[in-house]
Amino acid sequence: MISRLLISSGVLLATAAIICIVSVNRKVALVKKLNPDARLDIRKVYLPFQLIFERAEIRLPSFLTTPFDFMYNNKMDRYRGEDRITFIVAPDLIAAVIADAKFIEEAYEKKNEFVKPIKYYNVLQIYGENILTLDGKAWKRHRKFVSPQFSERTNILVHQEAVRSCQQMIDHWEASGEIDGLINITVAMFYYALGVVSAASFGTRLNWVDDPNDKPEGFNLTLKQSLTYVTHHLFQYILTPNIAYYLPFEGLQTMKRNFEENKEKSNLLSSMVRACEGDSETFTDEELIGNIFIFLFAGHETSAGTLNYILTLLALHPHVQERLYQEVKLTCGDQPPEYKHINQVPYCFAIINESLRLYPAVVAVPKLAVTNATIGKYVIPENTDLFIHTHGVQHHEKYWGKDYEEFKPERWFEDQECAQSAEKVYEKIQADTPIRAFYKFEKYAFTPFSDGPRACIGRRFSEVEMLVALIMLSQRYKITIPPGPDPLVSCAKITYKTTKDVLLKFTIRQ
């Protein structure tokens with residue numbers, strides 16, 4: 001019996017191997033026929049469940065990994081901004097990777113030839129369809145109702161709530177004595193950004209210290225606890241098949257219960273949104289809940305992650321921190337920033353841009369060729385995935401110089417005297433010089449918020465909340481980091497983030 005099973009298993013594996021090899025060879029032949037001089041990256045085996053191996057901390061060889069993971073892990077050696085495209089060929093896909101600014105510009109401009117591949121976004125339809133997971137007419141309909149919410153009026157509200165949330169954080173640190181030790185800035189920025197998006201987007205203010213008894217009737221978690229749980233466990237939830245929830249394991253049942261409870265809380269928020277809009281035809285309940293989830297997740301996860309990097313980089317580069325403090329002191333004094341100040345701090349913006357260049361929230365932006373399309377001299381076969389390699393183009397000497405791996409906010413300034421002198425910048429700002437006039441860079445070599453019609457509609461929202469935190473924390477504290485392992489070791493999951501929480505020391509300025 002056992003021998004028969006072993007023979008059958010061997011036959012199945014051999015058959016699968018032959019099918020994989022034949023499939024790969026056919027795809028390679030197609031790519032070579034259309035693009036004789038293209039770079040090829042051939043995978044004999046493709047494991048869609050590679051993320052599960054990562055979860056178990058089993059490191060797979062590069063030829064077995066997914067395109068996203070391979071682009072990150074080989075960012076130092078592969079897919080740099082060259083004048084040719086790399087094609088990843090595996091049994092179940094052909095994927096073209098571009099990391100050249102001109103190629104990227106062309107891909108964004110050809111919006112009818114390269115569309116959004118919904119298959120990569122379906123995992124985010126946990127609570128319903130939303131603006132991030134749709135394309136075509138459905139996306140236009142969602143965009144019509146969603147985009148007006150990201151107005152200047154909203155940005156002013158974001159500023160107000162960011163100031164409130166940041167001050168609440170500072171008051172708690174100092175009243176509780178946390179300021180005397182090391183602060184887990186990864187967690188702190190998560191709660192800060194969550195507080196801003198919850199208050200500015202849905203009118204629900206979260207206290208910095210959550211009252212465990214402040215639960216809606218019939219719920220097990222507070223709103224803050226629920227949103228925190230969903231965000232921290234989203235990766236596991238996506239990987240877990242529905243059938244697993246029938247198993248009598250407490251961990252699985254807890255995850256299922258908390259995700260369902262979060263949907264009910266979103267339902268409460270949707271009622272508030274409907275009451276404000278007075279239009280029951282805008283979205284279905286599922287669509288409204290789906291968009292609320294995406295706003296809560298994307299609206300704070302990416303900002304919190306970027307702030308985690310920014311504050312860590314400032315701790316590692318005291319001279320940058322001091323230059324930032326001089327700008328903030330000249331612009332705001334020792335008072336919280338007013339909304340007008342947001343457009344008067346070019347060095348603050350440069351710090352944010354430099355952090356996003358080094359550590360973009362999204363490693364690559366996927367597209368799908370709906371017909372045989374061209375990028376430069378290359379032909380992208382129909383139904384081929386096209387990856388705009390954000391991380392690769394933002395780490396290339398061609399656009400950023402030989403020191404492209406270094407954290408240097410001054411690289412963004414056209415006038416290096418302005419980069420070095422807060423007084424010089426302040427004089428120009430007082431003379432009504434617009435903030436964009438300080439910078440010079442190649443547009444499509446920096447696209448952390450994507451570009452084209454599908455660019456991130458919450459970009460200004462995110463920038464305002466990050467700027468407020470950066471200004472208020474640098475006003476009051478000097479930031480240092482204790483000796484230890486490299487805190488910036490990162491991984492690319494749903495978003496790009498540090499593998500471990502970062503602990504920083506905040507010392508009140510004298």
# chains A, B, ... in the order shown; residues from 1 in each chain; ligands from 1
$ residues_around --residues "range 477-483 of chain A" --least-positions-apart "5" --cutoff "7 Å" --atoms "only C-alpha atoms" --output "JSON, numbers by chain"
{"A": [315, 316, 504, 505, 506, 507, 508, 509]}
$ residues_around --residues "range 160-165 of chain A" --least-positions-apart "3" --cutoff "7 Å" --atoms "only C-alpha atoms" --output "count of residues only"
12
$ atom_distance --atom1 "CA of Thr86 in chain A" --atom2 "CA of Arg39 in chain A"
4.6 Å
$ residues_around --residues "Asp415 in chain A" --least-positions-apart "6" --cutoff "10 Å" --atoms "only C-alpha atoms" --output "PyMOL selection string"
chain A and resi 425+437-440
$ write_last_selection --atoms "C-alpha atoms" --output "mmCIF file, in the first residue's frame"
data_model
loop_
_atom_site.group_PDB
_atom_site.id
_atom_site.type_symbol
_atom_site.label_atom_id
_atom_site.label_comp_id
_atom_site.auth_asym_id
_atom_site.auth_seq_id
_atom_site.Cartn_x
_atom_site.Cartn_y
_atom_site.Cartn_z
ATOM 1 C CA VAL A 425 14.708 79.138 2.825
ATOM 2 C CA ALA A 437 10.164 75.905 -6.685
ATOM 3 C CA PHE A 438 12.825 74.580 -4.290
ATOM 4 C CA TYR A 439 12.974 71.102 -5.798
ATOM 5 C CA LYS A 440 14.417 69.453 -8.873
#
$ closest_residue --among "A:Pro318, A:Gly401, A:Pro448, A:Gly136" --to "Lys116 in chain A" --atoms "only C-alpha atoms"
A:Gly136
$ atom_distance --atom1 "CA of Ser151 in chain A" --atom2 "CA of Tyr339 in chain A"
14.1 Å
$ select_by_dssp --residues "range 266-374 of chain A" --states "strand (DSSP E)" --output "PyMOL selection string"
chain A and resi 365-369+373-374
$ write_last_selection --atoms "C-alpha atoms" --output "PDB file, in the first residue's frame"
ATOM      1  CA  VAL A 365       2.681  48.786  -8.918  1.00  0.00           C
ATOM      2  CA  PRO A 366       1.155  46.008 -11.058  1.00  0.00           C
ATOM      3  CA  LYS A 367      -0.489  46.571 -14.438  1.00  0.00           C
ATOM      4  CA  LEU A 368      -1.917  44.169 -17.016  1.00  0.00           C
ATOM      5  CA  ALA A 369      -1.425  44.359 -20.783  1.00  0.00           C
ATOM      6  CA  ALA A 373       1.421  46.599 -26.208  1.00  0.00           C
ATOM      7  CA  THR A 374       4.761  48.356 -26.482  1.00  0.00           C
TER       8      THR A 374
END
$ closest_residue --among "A:Lys119, A:Arg26, A:Lys32, A:Lys140" --to "Ile380 in chain A" --atoms "only C-alpha atoms"
A:Lys32
$ residues_around --residues "range 344-352 of chain A" --least-positions-apart "2" --cutoff "9 Å" --atoms "only C-alpha atoms" --output "ChimeraX atom specification"
/A:306-307,310,314,320,323-324,327-328,331,340-342,354-357,407-413,418-419,422,425-426,429-430,434-436,438-439,463,466-467,470-471
$ write_last_selection --atoms "N, CA and C atoms" --output "CSV table (one decimal), in the first residue's frame"
chain,number,residue,atom,x,y,z
A,306,THR,N,5.5,55.1,7.1
A,306,THR,CA,6.5,56.1,6.7
A,306,THR,C,7.0,56.9,7.9
A,307,LEU,N,6.2,57.3,8.8
A,307,LEU,CA,6.6,58.0,10.0
A,307,LEU,C,7.6,57.2,10.8
A,310,ILE,N,10.8,57.6,9.0
A,310,ILE,CA,11.3,59.0,9.1
A,310,ILE,C,12.0,59.3,10.5
A,314,LEU,N,15.9,60.1,11.3
A,314,LEU,CA,16.3,61.3,12.0
A,314,LEU,C,17.2,60.9,13.2
A,320,VAL,N,20.7,66.1,10.2
A,320,VAL,CA,19.4,66.3,9.5
A,320,VAL,C,18.4,66.8,10.5
A,323,ARG,N,19.0,70.4,11.3
A,323,ARG,CA,18.5,71.3,10.2
A,323,ARG,C,17.0,71.4,10.1
A,324,LEU,N,16.3,70.3,10.4
A,324,LEU,CA,14.9,70.3,10.5
A,324,LEU,C,14.4,71.2,11.6
A,327,GLU,N,14.5,74.9,10.8
A,327,GLU,CA,13.4,75.3,9.9
A,327,GLU,C,12.1,75.4,10.7
A,328,VAL,N,11.8,74.4,11.5
A,328,VAL,CA,10.6,74.4,12.3
A,328,VAL,C,10.6,75.6,13.3
A,331,THR,N,9.8,78.8,11.4
A,331,THR,CA,8.5,78.9,10.8
A,331,THR,C,7.4,78.9,11.8
A,340,LYS,N,-1.3,77.0,7.4
A,340,LYS,CA,-0.5,77.8,6.4
A,340,LYS,C,0.9,77.3,6.5
A,341,HIS,N,1.4,76.9,7.6
A,341,HIS,CA,2.8,76.5,7.8
A,341,HIS,C,3.1,75.2,7.0
A,342,ILE,N,2.1,74.4,6.7
A,342,ILE,CA,2.3,73.1,6.0
A,342,ILE,C,3.0,73.4,4.6
A,354,GLU,N,12.5,61.9,0.8
A,354,GLU,CA,13.7,61.1,0.9
A,354,GLU,C,13.4,59.7,1.6
A,355,SER,N,12.6,59.8,2.6
A,355,SER,CA,12.2,58.5,3.3
A,355,SER,C,11.4,57.7,2.4
A,356,LEU,N,10.4,58.3,1.6
A,356,LEU,CA,9.6,57.5,0.7
A,356,LEU,C,10.4,57.0,-0.5
A,357,ARG,N,11.4,57.7,-0.8
A,357,ARG,CA,12.3,57.2,-1.9
A,357,ARG,C,13.0,56.0,-1.5
A,407,PHE,N,20.7,58.4,3.0
A,407,PHE,CA,19.6,59.3,3.4
A,407,PHE,C,20.1,60.7,3.4
A,408,LYS,N,19.7,61.5,2.3
A,408,LYS,CA,20.2,62.8,2.1
A,408,LYS,C,19.1,63.7,1.6
A,409,PRO,N,18.3,64.3,2.5
A,409,PRO,CA,17.2,65.2,2.1
A,409,PRO,C,17.6,66.3,1.2
A,410,GLU,N,18.9,66.8,1.3
A,410,GLU,CA,19.4,67.9,0.5
A,410,GLU,C,19.4,67.6,-1.0
A,411,ARG,N,19.4,66.3,-1.3
A,411,ARG,CA,19.5,65.9,-2.8
A,411,ARG,C,18.2,66.5,-3.5
A,412,TRP,N,17.2,66.8,-2.8
A,412,TRP,CA,15.9,67.3,-3.4
A,412,TRP,C,16.0,68.7,-3.8
A,413,PHE,N,16.9,69.5,-3.3
A,413,PHE,CA,17.0,70.9,-3.5
A,413,PHE,C,17.8,71.2,-4.8
A,418,CYS,N,20.1,76.6,-0.1
A,418,CYS,CA,18.8,76.5,0.5
A,418,CYS,C,18.7,75.1,1.3
A,419,ALA,N,19.4,74.1,0.8
A,419,ALA,CA,19.4,72.8,1.4
A,419,ALA,C,20.1,72.9,2.8
A,422,ALA,N,18.5,77.1,6.8
A,422,ALA,CA,17.1,77.3,7.1
A,422,ALA,C,16.7,78.8,6.9
A,425,VAL,N,16.0,79.6,3.2
A,425,VAL,CA,14.7,79.1,2.8
A,425,VAL,C,13.6,80.0,3.4
A,426,TYR,N,13.8,80.4,4.7
A,426,TYR,CA,12.8,81.3,5.3
A,426,TYR,C,12.6,82.6,4.6
A,429,ILE,N,10.6,81.9,1.5
A,429,ILE,CA,9.2,81.6,1.8
A,429,ILE,C,8.5,83.0,2.1
A,430,GLN,N,9.1,83.8,2.8
A,430,GLN,CA,8.5,85.1,3.2
A,430,GLN,C,8.3,86.0,1.9
A,434,PRO,N,6.9,79.7,-4.0
A,434,PRO,CA,6.1,78.4,-3.8
A,434,PRO,C,7.0,77.3,-3.4
A,435,ILE,N,6.6,76.3,-2.6
A,435,ILE,CA,7.4,75.3,-2.1
A,435,ILE,C,8.0,74.4,-3.2
A,436,ARG,N,7.2,74.2,-4.3
A,436,ARG,CA,7.7,73.3,-5.4
A,436,ARG,C,8.9,73.9,-6.1
A,438,PHE,N,11.6,74.9,-4.9
A,438,PHE,CA,12.8,74.6,-4.3
A,438,PHE,C,13.4,73.3,-4.8
A,439,TYR,N,12.6,72.5,-5.5
A,439,TYR,CA,13.0,71.1,-5.8
A,439,TYR,C,13.3,70.9,-7.3
A,463,GLU,N,0.3,63.5,3.5
A,463,GLU,CA,1.4,64.4,3.7
A,463,GLU,C,1.1,65.4,4.9
A,466,MET,N,1.6,63.6,8.2
A,466,MET,CA,3.1,63.3,8.5
A,466,MET,C,3.8,64.6,8.8
A,467,LEU,N,3.5,65.7,8.1
A,467,LEU,CA,4.2,67.0,8.4
A,467,LEU,C,3.9,67.5,9.8
A,470,LEU,N,5.9,65.5,12.3
A,470,LEU,CA,7.3,65.8,12.1
A,470,LEU,C,7.6,67.1,12.8
A,471,ILE,N,6.8,68.1,12.5
A,471,ILE,CA,7.0,69.4,13.1
A,471,ILE,C,6.9,69.4,14.6
$ decode --residues "range 386-405 of chain A" --atoms "N, CA and C atoms" --output "CSV table (one decimal), in the first residue's frame"
chain,number,residue,atom,x,y,z
A,386,LEU,N,2.6,43.6,-15.9
A,386,LEU,CA,3.7,44.6,-16.0
A,386,LEU,C,3.9,45.2,-14.6
A,387,PHE,N,5.1,45.1,-14.0
A,387,PHE,CA,5.3,45.6,-12.7
A,387,PHE,C,6.2,46.9,-12.8
A,388,ILE,N,5.6,48.0,-12.4
A,388,ILE,CA,6.3,49.3,-12.3
A,388,ILE,C,7.1,49.2,-11.0
A,389,HIS,N,8.4,49.0,-11.1
A,389,HIS,CA,9.2,48.7,-9.9
A,389,HIS,C,9.6,50.0,-9.2
A,390,THR,N,8.8,50.5,-8.4
A,390,THR,CA,9.0,51.7,-7.6
A,390,THR,C,10.3,51.7,-6.9
A,391,HIS,N,10.5,50.6,-6.1
A,391,HIS,CA,11.7,50.5,-5.3
A,391,HIS,C,13.0,50.5,-6.2
A,392,GLY,N,12.9,49.9,-7.3
A,392,GLY,CA,14.1,49.8,-8.2
A,392,GLY,C,14.5,51.2,-8.8
A,393,VAL,N,13.5,51.9,-9.3
A,393,VAL,CA,13.8,53.2,-10.0
A,393,VAL,C,14.2,54.2,-9.0
A,394,GLN,N,13.7,54.1,-7.7
A,394,GLN,CA,14.1,55.0,-6.7
A,394,GLN,C,15.4,54.7,-6.0
A,395,HIS,N,16.0,53.6,-6.4
A,395,HIS,CA,17.4,53.3,-5.9
A,395,HIS,C,18.3,53.1,-7.1
A,396,HIS,N,18.4,54.1,-7.9
A,396,HIS,CA,19.2,53.9,-9.1
A,396,HIS,C,20.1,55.1,-9.3
A,397,GLU,N,21.4,54.9,-9.5
A,397,GLU,CA,22.4,55.9,-9.7
A,397,GLU,C,22.1,56.9,-10.8
A,398,LYS,N,21.4,56.4,-11.9
A,398,LYS,CA,21.1,57.2,-13.0
A,398,LYS,C,20.3,58.4,-12.7
A,399,TYR,N,19.4,58.3,-11.7
A,399,TYR,CA,18.5,59.4,-11.3
A,399,TYR,C,18.9,60.0,-9.9
A,400,TRP,N,19.6,59.3,-9.1
A,400,TRP,CA,19.8,59.8,-7.7
A,400,TRP,C,21.3,59.9,-7.3
A,401,GLY,N,22.2,59.6,-8.3
A,401,GLY,CA,23.6,59.7,-8.0
A,401,GLY,C,24.2,58.5,-7.3
A,402,LYS,N,25.5,58.5,-7.2
A,402,LYS,CA,26.2,57.3,-6.6
A,402,LYS,C,25.9,57.1,-5.2
A,403,ASP,N,25.4,58.1,-4.5
A,403,ASP,CA,25.1,57.9,-3.1
A,403,ASP,C,23.6,57.6,-2.9
A,404,TYR,N,23.0,57.0,-3.9
A,404,TYR,CA,21.5,56.8,-3.9
A,404,TYR,C,21.0,55.9,-2.7
A,405,GLU,N,21.9,55.1,-2.0
A,405,GLU,CA,21.4,54.4,-0.9
A,405,GLU,C,21.5,55.2,0.4
